[in-house]
Structures are given as structure tokens and as C-alpha cells.
>>> print(open('my_file17.cif').read())   # mmCIF, C-alpha atoms
data_protein
#
loop_
_atom_site.group_PDB
_atom_site.id
_atom_site.type_symbol
_atom_site.label_atom_id
_atom_site.label_comp_id
_atom_site.auth_asym_id
_atom_site.auth_seq_id
_atom_site.Cartn_x
_atom_site.Cartn_y
_atom_site.Cartn_z
ATOM 1 C CA MET A 18 92.013 133.284 78.709
ATOM 2 C CA LYS A 19 90.892 135.497 81.586
ATOM 3 C CA LEU A 20 90.273 134.320 85.155
ATOM 4 C CA LYS A 21 88.315 136.268 87.751
ATOM 5 C CA MET A 22 90.204 137.464 90.785
ATOM 6 C CA GLN A 23 88.828 137.708 94.299
ATOM 7 C CA GLY A 24 87.042 141.021 94.764
ATOM 8 C CA SER A 25 87.359 142.629 91.355
ATOM 9 C CA GLY A 26 89.545 142.420 88.280
ATOM 10 C CA THR A 27 90.782 139.635 86.048
ATOM 11 C CA VAL A 28 94.095 138.014 85.248
ATOM 12 C CA ASP A 29 95.323 136.760 81.856
ATOM 13 C CA VAL A 30 96.572 133.156 81.860
ATOM 14 C CA ALA A 31 97.580 130.708 79.157
ATOM 15 C CA GLU A 32 94.700 128.596 77.860
ATOM 16 C CA SER A 33 97.111 125.669 77.433
ATOM 17 C CA ALA A 34 97.670 125.635 81.213
ATOM 18 C CA PHE A 35 94.179 126.381 82.552
ATOM 19 C CA GLY A 36 91.846 125.491 79.688
ATOM 20 C CA ALA A 37 92.816 121.884 78.972
ATOM 21 C CA GLU A 38 90.309 119.049 78.692
ATOM 22 C CA PHE A 39 89.962 116.789 81.706
ATOM 23 C CA ASN A 40 91.739 113.485 81.097
ATOM 24 C CA ALA A 41 90.326 111.202 83.824
ATOM 25 C CA ALA A 42 92.444 108.173 82.875
ATOM 26 C CA LEU A 43 95.692 110.155 82.990
ATOM 27 C CA VAL A 44 94.826 111.858 86.291
ATOM 28 C CA HIS A 45 93.922 108.469 87.803
ATOM 29 C CA GLN A 46 97.241 106.975 86.638
ATOM 30 C CA VAL A 47 99.310 109.865 88.014
ATOM 31 C CA VAL A 48 97.432 109.943 91.351
ATOM 32 C CA THR A 49 97.829 106.161 91.748
ATOM 33 C CA ALA A 50 101.557 106.408 90.977
ATOM 34 C CA TYR A 51 101.972 109.333 93.405
ATOM 35 C CA LEU A 52 100.236 107.456 96.251
ATOM 36 C CA ALA A 53 102.154 104.257 95.468
ATOM 37 C CA GLY A 54 105.433 106.174 95.616
ATOM 38 C CA SER A 55 104.656 107.339 99.157
ATOM 39 C CA ARG A 56 104.354 103.743 100.441
ATOM 40 C CA ALA A 57 107.270 102.663 102.639
ATOM 41 C CA GLY A 58 107.453 99.088 101.335
ATOM 42 C CA THR A 59 109.532 98.044 104.374
ATOM 43 C CA LYS A 60 107.292 95.175 105.554
ATOM 44 C CA ALA A 61 109.223 91.941 106.176
ATOM 45 C CA GLN A 62 108.344 88.523 107.613
ATOM 46 C CA LYS A 63 110.337 85.322 108.214
ATOM 47 C CA ASN A 64 109.812 82.110 106.288
ATOM 48 C CA ARG A 65 110.421 78.682 107.826
ATOM 49 C CA SER A 66 114.166 78.757 107.087
ATOM 50 C CA GLN A 67 114.610 82.170 108.766
ATOM 51 C CA ALA A 68 112.542 81.560 111.935
ATOM 52 C CA SER A 69 114.883 80.688 114.817
ATOM 53 C CA GLY A 70 114.884 77.150 116.205
ATOM 54 C CA GLY A 71 113.445 74.027 114.650
ATOM 55 C CA GLY A 72 116.770 72.352 113.906
ATOM 56 C CA ALA A 73 115.906 69.056 115.578
ATOM 57 C CA LYS A 74 113.023 66.754 114.656
ATOM 58 C CA PRO A 75 110.466 67.247 117.491
ATOM 59 C CA TRP A 76 109.710 63.518 117.812
ATOM 60 C CA ARG A 77 110.482 60.299 116.000
ATOM 61 C CA GLN A 78 108.782 59.551 112.687
ATOM 62 C CA LYS A 79 106.763 56.496 113.761
ATOM 63 C CA GLY A 80 105.177 54.968 116.827
ATOM 64 C CA THR A 81 104.062 58.035 118.795
ATOM 65 C CA GLY A 82 100.506 58.225 117.410
ATOM 66 C CA ARG A 83 101.060 61.841 116.475
ATOM 67 C CA ALA A 84 101.323 63.364 112.998
ATOM 68 C CA ARG A 85 104.691 63.333 111.285
ATOM 69 C CA ALA A 86 106.703 66.499 111.980
ATOM 70 C CA GLY A 87 110.176 67.506 110.886
ATOM 71 C CA THR A 88 110.463 70.931 112.505
ATOM 72 C CA ILE A 89 108.666 73.047 115.083
ATOM 73 C CA ARG A 90 108.986 76.012 112.697
ATOM 74 C CA SER A 91 106.510 74.606 110.145
ATOM 75 C CA PRO A 92 104.069 77.283 108.829
ATOM 76 C CA ILE A 93 101.117 75.394 110.356
ATOM 77 C CA TRP A 94 102.618 75.530 113.856
ATOM 78 C CA VAL A 95 102.303 78.453 116.260
ATOM 79 C CA GLY A 96 105.611 80.333 116.110
ATOM 80 C CA GLY A 97 106.412 78.870 112.713
ATOM 81 C CA GLY A 98 107.559 80.747 109.646
ATOM 82 C CA ARG A 99 105.173 82.316 107.117
ATOM 83 C CA THR A 100 104.413 80.341 103.953
ATOM 84 C CA PHE A 101 104.621 83.338 101.605
ATOM 85 C CA ALA A 102 106.645 85.748 103.730
ATOM 86 C CA ALA A 103 106.485 89.451 102.861
ATOM 87 C CA ARG A 104 109.678 91.000 101.540
ATOM 88 C CA PRO A 105 110.730 94.683 101.364
ATOM 89 C CA ARG A 106 109.718 96.040 97.960
ATOM 90 C CA ASP A 107 109.604 99.245 95.960
ATOM 91 C CA TYR A 108 106.037 100.276 95.055
ATOM 92 C CA SER A 109 107.010 103.299 92.964
ATOM 93 C CA GLN A 110 105.678 103.578 89.417
ATOM 94 C CA LYS A 111 107.362 105.488 86.616
ATOM 95 C CA VAL A 112 105.536 108.611 85.447
ATOM 96 C CA ASN A 113 107.063 110.782 82.731
ATOM 97 C CA LYS A 114 107.395 114.530 83.407
ATOM 98 C CA LYS A 115 105.203 115.219 80.377
ATOM 99 C CA MET A 116 102.419 113.009 81.790
ATOM 100 C CA TYR A 117 102.742 114.575 85.263
ATOM 101 C CA ARG A 118 102.464 118.120 83.863
ATOM 102 C CA ALA A 119 99.493 117.079 81.677
ATOM 103 C CA ALA A 120 97.727 115.672 84.767
ATOM 104 C CA LEU A 121 98.338 118.948 86.659
ATOM 105 C CA ARG A 122 96.940 120.905 83.682
ATOM 106 C CA SER A 123 93.843 118.662 83.715
ATOM 107 C CA VAL A 124 93.257 119.177 87.448
ATOM 108 C CA PHE A 125 93.801 122.972 87.342
ATOM 109 C CA SER A 126 91.538 123.313 84.292
ATOM 110 C CA GLU A 127 88.797 121.337 86.049
ATOM 111 C CA LEU A 128 89.155 123.539 89.163
ATOM 112 C CA VAL A 129 88.646 126.601 86.932
ATOM 113 C CA ARG A 130 85.582 125.066 85.231
ATOM 114 C CA GLN A 131 84.009 124.190 88.591
ATOM 115 C CA ASP A 132 84.752 127.659 90.085
ATOM 116 C CA ARG A 133 86.903 126.056 92.762
ATOM 117 C CA LEU A 134 90.022 128.139 92.064
ATOM 118 C CA VAL A 135 90.047 131.404 94.039
ATOM 119 C CA ILE A 136 92.752 133.898 93.037
ATOM 120 C CA THR A 137 93.932 136.648 95.378
ATOM 121 C CA ASP A 138 96.759 139.217 95.220
ATOM 122 C CA SER A 139 98.327 138.026 98.474
ATOM 123 C CA ILE A 140 97.522 136.735 101.951
ATOM 124 C CA PRO A 141 98.993 139.399 104.258
ATOM 125 C CA MET A 142 99.474 138.302 107.872
ATOM 126 C CA LYS A 143 100.759 140.534 110.684
ATOM 127 C CA GLY A 144 101.964 137.473 112.567
ATOM 128 C CA PRO A 145 101.179 133.795 113.162
ATOM 129 C CA LYS A 146 97.520 134.319 114.180
ATOM 130 C CA THR A 147 95.106 131.441 113.614
ATOM 131 C CA LYS A 148 92.094 133.571 114.522
ATOM 132 C CA GLU A 149 93.073 136.249 111.987
ATOM 133 C CA LEU A 150 93.451 133.711 109.165
ATOM 134 C CA ALA A 151 90.187 131.979 110.101
ATOM 135 C CA LYS A 152 88.416 135.362 109.905
ATOM 136 C CA LYS A 153 89.889 136.056 106.448
ATOM 137 C CA LEU A 154 88.828 132.633 105.142
ATOM 138 C CA LYS A 155 85.328 133.050 106.595
ATOM 139 C CA LYS A 156 85.041 136.415 104.840
ATOM 140 C CA LEU A 157 85.905 134.670 101.554
ATOM 141 C CA ASN A 158 83.405 131.896 102.385
ATOM 142 C CA LEU A 159 86.136 129.233 102.332
ATOM 143 C CA ASP A 160 85.790 126.309 104.746
ATOM 144 C CA ASN A 161 87.594 123.370 103.158
ATOM 145 C CA VAL A 162 90.496 125.047 101.356
ATOM 146 C CA LEU A 163 94.069 124.599 100.196
ATOM 147 C CA ILE A 164 96.199 127.756 100.380
ATOM 148 C CA VAL A 165 98.893 127.959 97.676
ATOM 149 C CA ASN A 166 101.642 130.540 98.150
ATOM 150 C CA GLU A 167 104.535 131.527 95.893
ATOM 151 C CA ALA A 168 107.023 130.236 98.488
ATOM 152 C CA PHE A 169 106.957 128.961 102.060
ATOM 153 C CA ASP A 170 105.392 131.620 104.310
ATOM 154 C CA GLU A 171 105.999 130.893 107.982
ATOM 155 C CA LYS A 172 103.270 133.266 109.228
ATOM 156 C CA VAL A 173 100.584 131.679 107.026
ATOM 157 C CA TYR A 174 101.838 128.150 107.795
ATOM 158 C CA LEU A 175 101.756 128.678 111.584
ATOM 159 C CA SER A 176 98.334 130.337 111.323
ATOM 160 C CA ALA A 177 96.847 127.509 109.216
ATOM 161 C CA ARG A 178 98.219 124.400 110.892
ATOM 162 C CA ASN A 179 95.641 124.348 113.700
ATOM 163 C CA LEU A 180 92.677 124.894 111.377
ATOM 164 C CA PRO A 181 90.886 121.686 110.391
ATOM 165 C CA ASP A 182 90.164 121.328 106.658
ATOM 166 C CA VAL A 183 92.774 123.965 105.753
ATOM 167 C CA GLY A 184 95.945 122.912 103.953
ATOM 168 C CA ILE A 185 98.959 124.917 102.878
ATOM 169 C CA CYS A 186 101.402 124.333 100.040
ATOM 170 C CA ASP A 187 103.894 126.348 98.006
ATOM 171 C CA ALA A 188 103.799 126.506 94.205
ATOM 172 C CA ALA A 189 106.898 124.345 93.703
ATOM 173 C CA ALA A 190 105.535 121.463 95.817
ATOM 174 C CA ILE A 191 102.037 121.314 94.296
ATOM 175 C CA ASP A 192 100.763 117.875 93.256
ATOM 176 C CA PRO A 193 97.467 116.447 91.880
ATOM 177 C CA VAL A 194 96.610 114.591 95.113
ATOM 178 C CA VAL A 195 96.705 117.653 97.386
ATOM 179 C CA LEU A 196 94.768 119.701 94.799
ATOM 180 C CA MET A 197 91.886 117.218 94.792
ATOM 181 C CA ARG A 198 91.816 116.747 98.550
ATOM 182 C CA PHE A 199 90.134 120.107 99.207
ATOM 183 C CA GLU A 200 86.888 121.667 97.991
ATOM 184 C CA LYS A 201 88.530 124.945 96.959
ATOM 185 C CA VAL A 202 92.024 126.228 96.238
ATOM 186 C CA LEU A 203 93.029 129.737 97.318
ATOM 187 C CA ILE A 204 96.061 130.764 95.265
ATOM 188 C CA THR A 205 98.081 133.979 95.278
ATOM 189 C CA LEU A 206 98.774 135.759 91.984
ATOM 190 C CA PRO A 207 102.588 135.198 92.087
ATOM 191 C CA ALA A 208 101.984 131.460 92.743
ATOM 192 C CA LEU A 209 99.525 131.320 89.832
ATOM 193 C CA LYS A 210 102.101 132.861 87.494
ATOM 194 C CA LEU A 211 104.760 130.372 88.636
ATOM 195 C CA ILE A 212 102.404 127.436 87.990
ATOM 196 C CA GLU A 213 101.399 128.899 84.611
ATOM 197 C CA GLU A 214 105.075 129.105 83.630
ATOM 198 C CA ARG A 215 105.586 125.501 84.719
ATOM 199 C CA LEU A 216 102.561 124.132 82.836
ATOM 200 C CA SER A 217 102.650 126.183 79.623
#
>>> encode(input="my_file17.cif", output="C-alpha cells")
Amino acid sequence: MKLKMQGSGTVDVAESAFGAEFNAALVHQVVTAYLAGSRAGTKAQKNRSQASGGGAKPWRQKGTGRARAGTIRSPIWVGGGRTFAARPRDYSQKVNKKMYRAALRSVFSELVRQDRLVITDSIPMKGPKTKELAKKLKKLNLDNVLIVNEAFDEKVYLSARNLPDVGICDAAAIDPVVLMRFEKVLITLPALKLIEERLS
């Protein structure tokens, strides 16, 4: 299949990579797993046996007129332990490589169908100039955009980091979540070919 490039010309890409049907259920599963995997899962609380103190019975069982109490670290007391204390846990979900690649194919194909994938030869920058990059993006009519390069480009990264609604990513680190976070995706031709090779 042929995709239009920015300005003029077209580029041939594999239909298997950029012409797949959108599988909403699969994309949802992969995105959920990706977000779950980024959770720290380090939350921890103390139950009544772990809270310090409370070894002695606060008062005798009978005759005081107060409710029976065996420890000052009871969950219903201030400073007591938690009834169902949180424990560190792993939130990650298993996603097969085949499923992950299929989800990426779905997202890229949908970007193509919605005309949200903008292909350019390269993004030449003389230096780390935010104003220069902002001017280039304005010329392309791109406000909320993810820039995808073949590899990490320090000049483009330093130019983009102060621009709101502009993200930057290299082809190897691309994921479904970052692709869907922006209205449009500006991708260089070498990056497109790398992704095509990965998804075909």
C-alpha cells in the first residue's frame, strides 16, 4: 500500500503493518497491561500485629465502666493497625509479543485511516532551538503531536521538551499508549521503515 508523504510523493509500506483492521478489545487489553506494568506497587501499611506498642492490656476487663479492650493498637483506635493492610504487590500483566505487535499494527493502521500519521523525510535542526521547531510544526499545522525519530536526536529532544502538547519518541521505544495520547504523529521515513520491519 502507498502512504502520502508530507509535501509531495508517496512511500510504499506493507499492508500487513499499516492496513490491519482495528481490534478494539486487543488494544484495550494491551494498553491496560502497559499502564498496569508502570505502577510501582510499593504501597505498604501495618496491621495490628505490626503497629508498635499495645503489648499490655490498657485497663482491666471488668469494673471500669468502659468497653473491653485488649490492646491500644486495635484497628478501631486512633494509631491502631489497619484491618486489611496494603502489601507490596506486582501489578504487571502478561502480554505475548505477538499480541503486543498486533495491537501496534491496529493503532498504526487506525492512525493511517484517520489521516493522523504525517510522514516526513527528516526533521533537520541546526541546534536545540525551541522556536525553530515550533515554527516548523506550525507550518505543518501540527499542534498536539508526537514526533517519532529513527533514533534519539538530542537537538530535536531539547527543542521539543519545552513545547506543551509535543512529545518525542524513537522508533524502538514506541508503544500504543504514547501513540494514542496525541492527535497526530509526525514520523520520519527511516523510523517508518524500522517500524514496518518490526510489524511485518
>>> resolve_selection(input="my_file17.cif", expression="the PyMOL selection byres ((chain A and resi 144-158) around 10)", output="list in words")
Gln23, Gly24, Val135, Ile140, Pro141, Met142, Lys143, Leu159, Asp160, Asn161, Val162, Glu171, Lys172, Val173, Tyr174, Leu175, Ser176, Ala177, Arg178, Asn179, Leu180, Val183 and Leu203 of chain A
>>> residues_around(input="my_file17.cif", residues="Met22 in chain A", least_positions_apart="2", cutoff="7 Å", atoms="only C-alpha atoms", output="PyMOL selection string")
chain A and resi 20+24-28+135-137
>>> closest_residue(input="my_file17.cif", among="A:Ile191, A:Leu134, A:Pro181, A:Ala208", to="Ala168 in chain A", atoms="all atoms listed in the file")
A:Ala208
>>> residues_around(input="my_file17.cif", residues="Ile93 in chain A", least_positions_apart="6", cutoff="12 Å", atoms="only C-alpha atoms", output="count of residues only")
5
>>> axis_aligned_box(input="my_file17.cif", around="range 190-208 of chain A", padding_each_side="6 Å", output="lines of an AutoDock Vina configuration file")
center_x = 96.2
center_y = 125.2
center_z = 95.5
size_x = 30.6
size_y = 33.2
size_z = 19.3
>>> residues_around(input="my_file17.cif", residues="range 29-38 of chain A", least_positions_apart="6", cutoff="7 Å", atoms="only C-alpha atoms", output="count of residues only")
10
>>> atom_distance(input="my_file17.cif", atom1="CA of Tyr51 in chain A", atom2="CA of Lys201 in chain A")
20.9 Å
>>> resolve_selection(input="my_file17.cif", expression="the PyMOL selection byres ((chain A and resi 71) around 8)", output="ChimeraX atom specification")
/A:69-70,72-75,88-90
>>> residues_around(input="my_file17.cif", residues="Val47 in chain A", least_positions_apart="4", cutoff="9 Å", atoms="only C-alpha atoms", output="ChimeraX atom specification")
/A:42-43,51-52,112,116-117,120,193-194
>>> resolve_selection(input="my_file17.cif", expression="the PyMOL selection byres ((chain A and resi 207) around 10)", output="JSON list (two decimals) with C-alpha atoms, keeping the file's coordinate frame")
[["chain", "number", "residue", "atom", "x", "y", "z"],
["A", 136, "ILE", "CA", 92.75, 133.90, 93.04],
["A", 137, "THR", "CA", 93.93, 136.65, 95.38],
["A", 138, "ASP", "CA", 96.76, 139.22, 95.22],
["A", 139, "SER", "CA", 98.33, 138.03, 98.47],
["A", 165, "VAL", "CA", 98.89, 127.96, 97.68],
["A", 166, "ASN", "CA", 101.64, 130.54, 98.15],
["A", 167, "GLU", "CA", 104.54, 131.53, 95.89],
["A", 168, "ALA", "CA", 107.02, 130.24, 98.49],
["A", 188, "ALA", "CA", 103.80, 126.51, 94.20],
["A", 204, "ILE", "CA", 96.06, 130.76, 95.26],
["A", 205, "THR", "CA", 98.08, 133.98, 95.28],
["A", 206, "LEU", "CA", 98.77, 135.76, 91.98],
["A", 208, "ALA", "CA", 101.98, 131.46, 92.74],
["A", 209, "LEU", "CA", 99.52, 131.32, 89.83],
["A", 210, "LYS", "CA", 102.10, 132.86, 87.49],
["A", 211, "LEU", "CA", 104.76, 130.37, 88.64],
["A", 212, "ILE", "CA", 102.40, 127.44, 87.99],
["A", 213, "GLU", "CA", 101.40, 128.90, 84.61]]
>>> atom_distance(input="my_file17.cif", atom1="CA of Ser66 in chain A", atom2="CA of Phe101 in chain A")
11.9 Å
>>> atom_distance(input="my_file17.cif", atom1="CA of Arg106 in chain A", atom2="CA of Lys63 in chain A")
14.8 Å
>>> closest_residue(input="my_file17.cif", among="A:Phe39, A:Ala189, A:Met197, A:Val202", to="Leu163 in chain A", atoms="all atoms listed in the file")
A:Val202
>>> residues_around(input="my_file17.cif", residues="Ala61 in chain A", least_positions_apart="4", cutoff="7 Å", atoms="all atoms listed in the file", output="list in words")
Ala103, Arg104 and Pro105 of chain A
>>> closest_residue(input="my_file17.cif", among="A:Asn40, A:Gln67, A:Ser55, A:Thr49", to="Gly98 in chain A", atoms="all atoms listed in the file")
A:Gln67
>>> closest_residue(input="my_file17.cif", among="A:Ser109, A:Ile185, A:Gln131, A:Val44", to="Ala57 in chain A", atoms="all atoms listed in the file")
A:Ser109
>>> build_atoms(input="my_file17.cif", residues="range 171-190 of chain A", atoms="N, CA and C atoms", output="PDB file, in the coordinates of the input")
ATOM      1  N   GLU A 171     106.086 131.416 106.609  1.00  0.00           N
ATOM      2  CA  GLU A 171     105.999 130.893 107.982  1.00  0.00           C
ATOM      3  C   GLU A 171     104.762 131.405 108.729  1.00  0.00           C
ATOM      4  N   LYS A 172     104.427 132.681 108.523  1.00  0.00           N
ATOM      5  CA  LYS A 172     103.270 133.266 109.228  1.00  0.00           C
ATOM      6  C   LYS A 172     101.981 132.558 108.826  1.00  0.00           C
ATOM      7  N   VAL A 173     101.804 132.345 107.519  1.00  0.00           N
ATOM      8  CA  VAL A 173     100.584 131.679 107.026  1.00  0.00           C
ATOM      9  C   VAL A 173     100.578 130.218 107.463  1.00  0.00           C
ATOM     10  N   TYR A 174     101.748 129.563 107.407  1.00  0.00           N
ATOM     11  CA  TYR A 174     101.838 128.150 107.795  1.00  0.00           C
ATOM     12  C   TYR A 174     101.460 127.961 109.266  1.00  0.00           C
ATOM     13  N   LEU A 175     102.034 128.795 110.148  1.00  0.00           N
ATOM     14  CA  LEU A 175     101.756 128.678 111.584  1.00  0.00           C
ATOM     15  C   LEU A 175     100.307 129.037 111.904  1.00  0.00           C
ATOM     16  N   SER A 176      99.734 129.942 111.108  1.00  0.00           N
ATOM     17  CA  SER A 176      98.334 130.337 111.323  1.00  0.00           C
ATOM     18  C   SER A 176      97.372 129.241 110.872  1.00  0.00           C
ATOM     19  N   ALA A 177      97.763 128.491 109.830  1.00  0.00           N
ATOM     20  CA  ALA A 177      96.847 127.509 109.216  1.00  0.00           C
ATOM     21  C   ALA A 177      96.917 126.126 109.839  1.00  0.00           C
ATOM     22  N   ARG A 178      98.020 125.801 110.501  1.00  0.00           N
ATOM     23  CA  ARG A 178      98.219 124.400 110.892  1.00  0.00           C
ATOM     24  C   ARG A 178      97.233 123.890 111.938  1.00  0.00           C
ATOM     25  N   ASN A 179      96.622 124.790 112.697  1.00  0.00           N
ATOM     26  CA  ASN A 179      95.641 124.348 113.700  1.00  0.00           C
ATOM     27  C   ASN A 179      94.202 124.403 113.190  1.00  0.00           C
ATOM     28  N   LEU A 180      94.030 124.817 111.940  1.00  0.00           N
ATOM     29  CA  LEU A 180      92.677 124.894 111.377  1.00  0.00           C
ATOM     30  C   LEU A 180      92.346 123.583 110.663  1.00  0.00           C
ATOM     31  N   PRO A 181      91.256 122.918 111.098  1.00  0.00           N
ATOM     32  CA  PRO A 181      90.886 121.686 110.391  1.00  0.00           C
ATOM     33  C   PRO A 181      90.397 122.026 108.984  1.00  0.00           C
ATOM     34  N   ASP A 182      90.611 121.154 108.046  1.00  0.00           N
ATOM     35  CA  ASP A 182      90.164 121.328 106.658  1.00  0.00           C
ATOM     36  C   ASP A 182      90.829 122.508 105.951  1.00  0.00           C
ATOM     37  N   VAL A 183      91.998 122.917 106.444  1.00  0.00           N
ATOM     38  CA  VAL A 183      92.774 123.965 105.753  1.00  0.00           C
ATOM     39  C   VAL A 183      94.189 123.420 105.537  1.00  0.00           C
ATOM     40  N   GLY A 184      94.603 123.382 104.281  1.00  0.00           N
ATOM     41  CA  GLY A 184      95.945 122.912 103.953  1.00  0.00           C
ATOM     42  C   GLY A 184      96.777 124.045 103.409  1.00  0.00           C
ATOM     43  N   ILE A 185      98.085 123.873 103.415  1.00  0.00           N
ATOM     44  CA  ILE A 185      98.959 124.917 102.878  1.00  0.00           C
ATOM     45  C   ILE A 185     100.084 124.258 102.066  1.00  0.00           C
ATOM     46  N   CYS A 186     100.404 124.905 100.954  1.00  0.00           N
ATOM     47  CA  CYS A 186     101.402 124.333 100.040  1.00  0.00           C
ATOM     48  C   CYS A 186     102.028 125.478  99.247  1.00  0.00           C
ATOM     49  N   ASP A 187     103.305 125.323  98.876  1.00  0.00           N
ATOM     50  CA  ASP A 187     103.894 126.348  98.006  1.00  0.00           C
ATOM     51  C   ASP A 187     103.842 125.865  96.562  1.00  0.00           C
ATOM     52  N   ALA A 188     103.997 126.791  95.636  1.00  0.00           N
ATOM     53  CA  ALA A 188     103.799 126.506  94.205  1.00  0.00           C
ATOM     54  C   ALA A 188     104.720 125.410  93.682  1.00  0.00           C
ATOM     55  N   ALA A 189     105.937 125.336  94.197  1.00  0.00           N
ATOM     56  CA  ALA A 189     106.898 124.345  93.703  1.00  0.00           C
ATOM     57  C   ALA A 189     106.530 122.929  94.123  1.00  0.00           C
ATOM     58  N   ALA A 190     105.832 122.801  95.270  1.00  0.00           N
ATOM     59  CA  ALA A 190     105.535 121.463  95.817  1.00  0.00           C
ATOM     60  C   ALA A 190     104.127 120.977  95.484  1.00  0.00           C
TER      61      ALA A 190
END
